[in-house]
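Here's the structure we're looking at; comments come further down.
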Amino acid sequence: MRFHMKSGSEDNDIVATATAEHIRKFVFSSGSSGERLEIKIPELLQGAYSFYTWPCAPVLAHFLWERRQTLAGKRILELGSGTALPGILAAKCQAQVVLTDNCILPKSLAHIRKSCLVNQLQPGVDIDVVGLSWGLLLNSVFRLPHLDLIIAADCFYDPSVFEDIVVTVAFLLERNAGAKFIFTYQERSADWSIEALLKKWKLQALPISMDDIGKDSGVDLLEFMGGHTIHMVEITRIENGGTINSI
């Protein structure tokens, strides 16, 4: 699995609410059923990485939206939630969601809680927000509920934390039999790869086709990608006697 960098621009539906803060609206709809969901995400365009909704997030959110009938009651954890668009969508589709971000970044966790409240989700009641540290198995990891699905949008943005992420995912998949890790990533460099890490931690990766995502909603994913190349991948554990699949 390799990551390459490409340039491009992104069109945003943004409503200004303060000098540095904006509310960005994401609309999810279905041409076949007539269902519609609007999610509002507060963004700090001059803030840190986690205060902006990067292109991978709406792609993953639309993937989940088109599978919303299967989400009800599912226990989902979002890694590196940032503005938490995919996780909030899953919660709106009746999933039991835990949003996570770095436990040493209280402002990031506070921003996640704000995103929840803007969408009428009460942290601790309708949705959970937890601080985690990738690669470190702290008490917060052991207190997590049983999980059916782990998700992440653009978590592989810094090679220095690739193994920390993979270690965390491997641990969670081992503790939650049958769970999967589905994530989107943006290509940034031809030299970036997690293939060796997957082999080391006995994980396998399969690409997920994005060809049909957005069609029922009449959405062109290229508008969200803003000229970037984005992929979606499913990671699972290799069971005893299994073989390694990589991309």
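Identifiers for the structure tokens are assigned positionally: chains receive A, B, ... in sequence, residues are indexed from 1 per chain, and ligands are indexed from 1 in the order shown.
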
Kindly assemble as CSV a list of the range 162-239 of chain A residues that lie within 10 Å of range 25-42 of chain A, each paired with its nearest atom pair and their distance in Å to one decimal, using only C-alpha atoms, sorted first by chain and then by ascending residue number.
```
residue,atom,partner,partner_atom,distance
A:Gly214,CA,A:Phe28,CA,9.1
A:Lys215,CA,A:Gly31,CA,8.8
A:Asp216,CA,A:Gly31,CA,5.6
A:Ser217,CA,A:Ser30,CA,4.7
A:Gly218,CA,A:Gly31,CA,7.2
A:Val219,CA,A:Phe28,CA,8.9
```

Those same residues, written as a compact mmCIF listing (two decimals), in the first residue's frame with N, CA and C atoms?
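Output saved as result.txt:
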```
# COMPACT_ATOMS: atom_id res chain seq x y z
N GLY A 214 -21.76 7.28 -3.82
CA GLY A 214 -22.34 8.57 -4.18
C GLY A 214 -23.36 8.53 -5.29
N LYS A 215 -23.46 7.41 -5.99
CA LYS A 215 -24.37 7.36 -7.14
C LYS A 215 -25.83 7.50 -6.71
N ASP A 216 -26.23 6.80 -5.64
CA ASP A 216 -27.62 6.89 -5.19
C ASP A 216 -27.95 8.28 -4.69
N SER A 217 -26.93 8.98 -4.18
CA SER A 217 -27.14 10.33 -3.67
C SER A 217 -26.98 11.40 -4.75
N GLY A 218 -26.54 10.98 -5.93
CA GLY A 218 -26.27 11.95 -6.98
C GLY A 218 -25.06 12.81 -6.69
N VAL A 219 -24.09 12.23 -5.96
CA VAL A 219 -22.90 12.96 -5.54
C VAL A 219 -21.71 12.51 -6.37
```

### Message
Give me, as number ranges by chain, all polymer residues having an atom no more than 12 Å from Pro106 in chain A, counting only C-alpha atoms and skipping those fewer than 4 positions away in the same chain.
### Response
A: 50, 82, 100-102, 110-113, 129-132

### Message
So the first atom is CA of Trp65 in chain A and the second is CA of Cys155 in chain A; what is the distance between them in Å, to one decimal place?
### Response
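One can read the CA of Trp65 in chain A to CA of Cys155 in chain A distance as 20.1 Å.
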
### Given only C-alpha atoms as the counted atoms, nearest of A:Ala72, A:Leu77, A:Cys116, A:Ala90 to Leu173 in chain A
A:Leu77

### Task
From a DSSP pass on the backbone, collect the residues of range 8-189 of chain A flagged as strand (DSSP E or B) and hand them back as a PyMOL selection string.
chain A and resi 14-16+21-29+36-44+75-79+96-102+123+127-132+149-153+180-186+188-189

### Per-residue DSSP, range 39-232 of chain A, filtered to helix (DSSP H, G or I), as a ChimeraX atom specification
/A:49-51,56-65,68-70,85-92,106-118,139-142,159-175,195-200,221-225

### Message
If we count only C-alpha atoms and set the cut-off at 8 Å, which residues sit around Ala95 in chain A, ignoring sequence neighbours fewer than 3 positions away in its own chain? Please answer as a PyMOL selection string.
### Response
chain A and resi 71-76+90-92

Since we have the selection now, will you write its residues out, keeping C-alpha atoms, as an mmCIF file, in the first residue's frame?
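New file result.cif:
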```cif
data_model
loop_
_atom_site.group_PDB
_atom_site.id
_atom_site.type_symbol
_atom_site.label_atom_id
_atom_site.label_comp_id
_atom_site.auth_asym_id
_atom_site.auth_seq_id
_atom_site.Cartn_x
_atom_site.Cartn_y
_atom_site.Cartn_z
ATOM 1 C CA LEU A 71 -25.290 0.480 10.965
ATOM 2 C CA ALA A 72 -28.142 0.485 13.497
ATOM 3 C CA GLY A 73 -26.929 -1.059 16.746
ATOM 4 C CA LYS A 74 -23.386 -1.609 15.457
ATOM 5 C CA ARG A 75 -20.580 -0.634 17.825
ATOM 6 C CA ILE A 76 -18.185 1.591 15.923
ATOM 7 C CA ALA A 90 -22.802 6.653 11.925
ATOM 8 C CA ALA A 91 -24.327 7.818 15.220
ATOM 9 C CA LYS A 92 -27.108 9.594 13.332
#
```

### Message
So the first atom is CA of Ser140 in chain A and the second is CA of Gln204 in chain A; what is the distance between them in Å, to one decimal place?
### Response
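Computed distance, CA of Ser140 in chain A to CA of Gln204 in chain A, equals 25.8 Å.
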
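Take the candidates A:Thr83, A:Ser115, A:Thr168, A:Ser108 and check each one against Gly135 in chain A using only C-alpha atoms; the shortest distance goes to A:Thr168.
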
### Task
Excluding Glu234 in chain A and residues on its chain fewer than 4 positions from it, collect all residues at most 7 Å away from it, counting only C-alpha atoms, and give them as a ChimeraX atom specification.
/A:180-183,205-208

### Point-to-point distance from CA of Val167 in chain A to CA of Asp148 in chain A, Å rounded to tenths
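One can read the CA of Val167 in chain A to CA of Asp148 in chain A distance as 18.0 Å.
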
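With distances restricted to only C-alpha atoms, A:Leu105 is the closest residue to Tyr49 in chain A from A:Leu105, A:Leu64, A:Leu147, A:Leu89.
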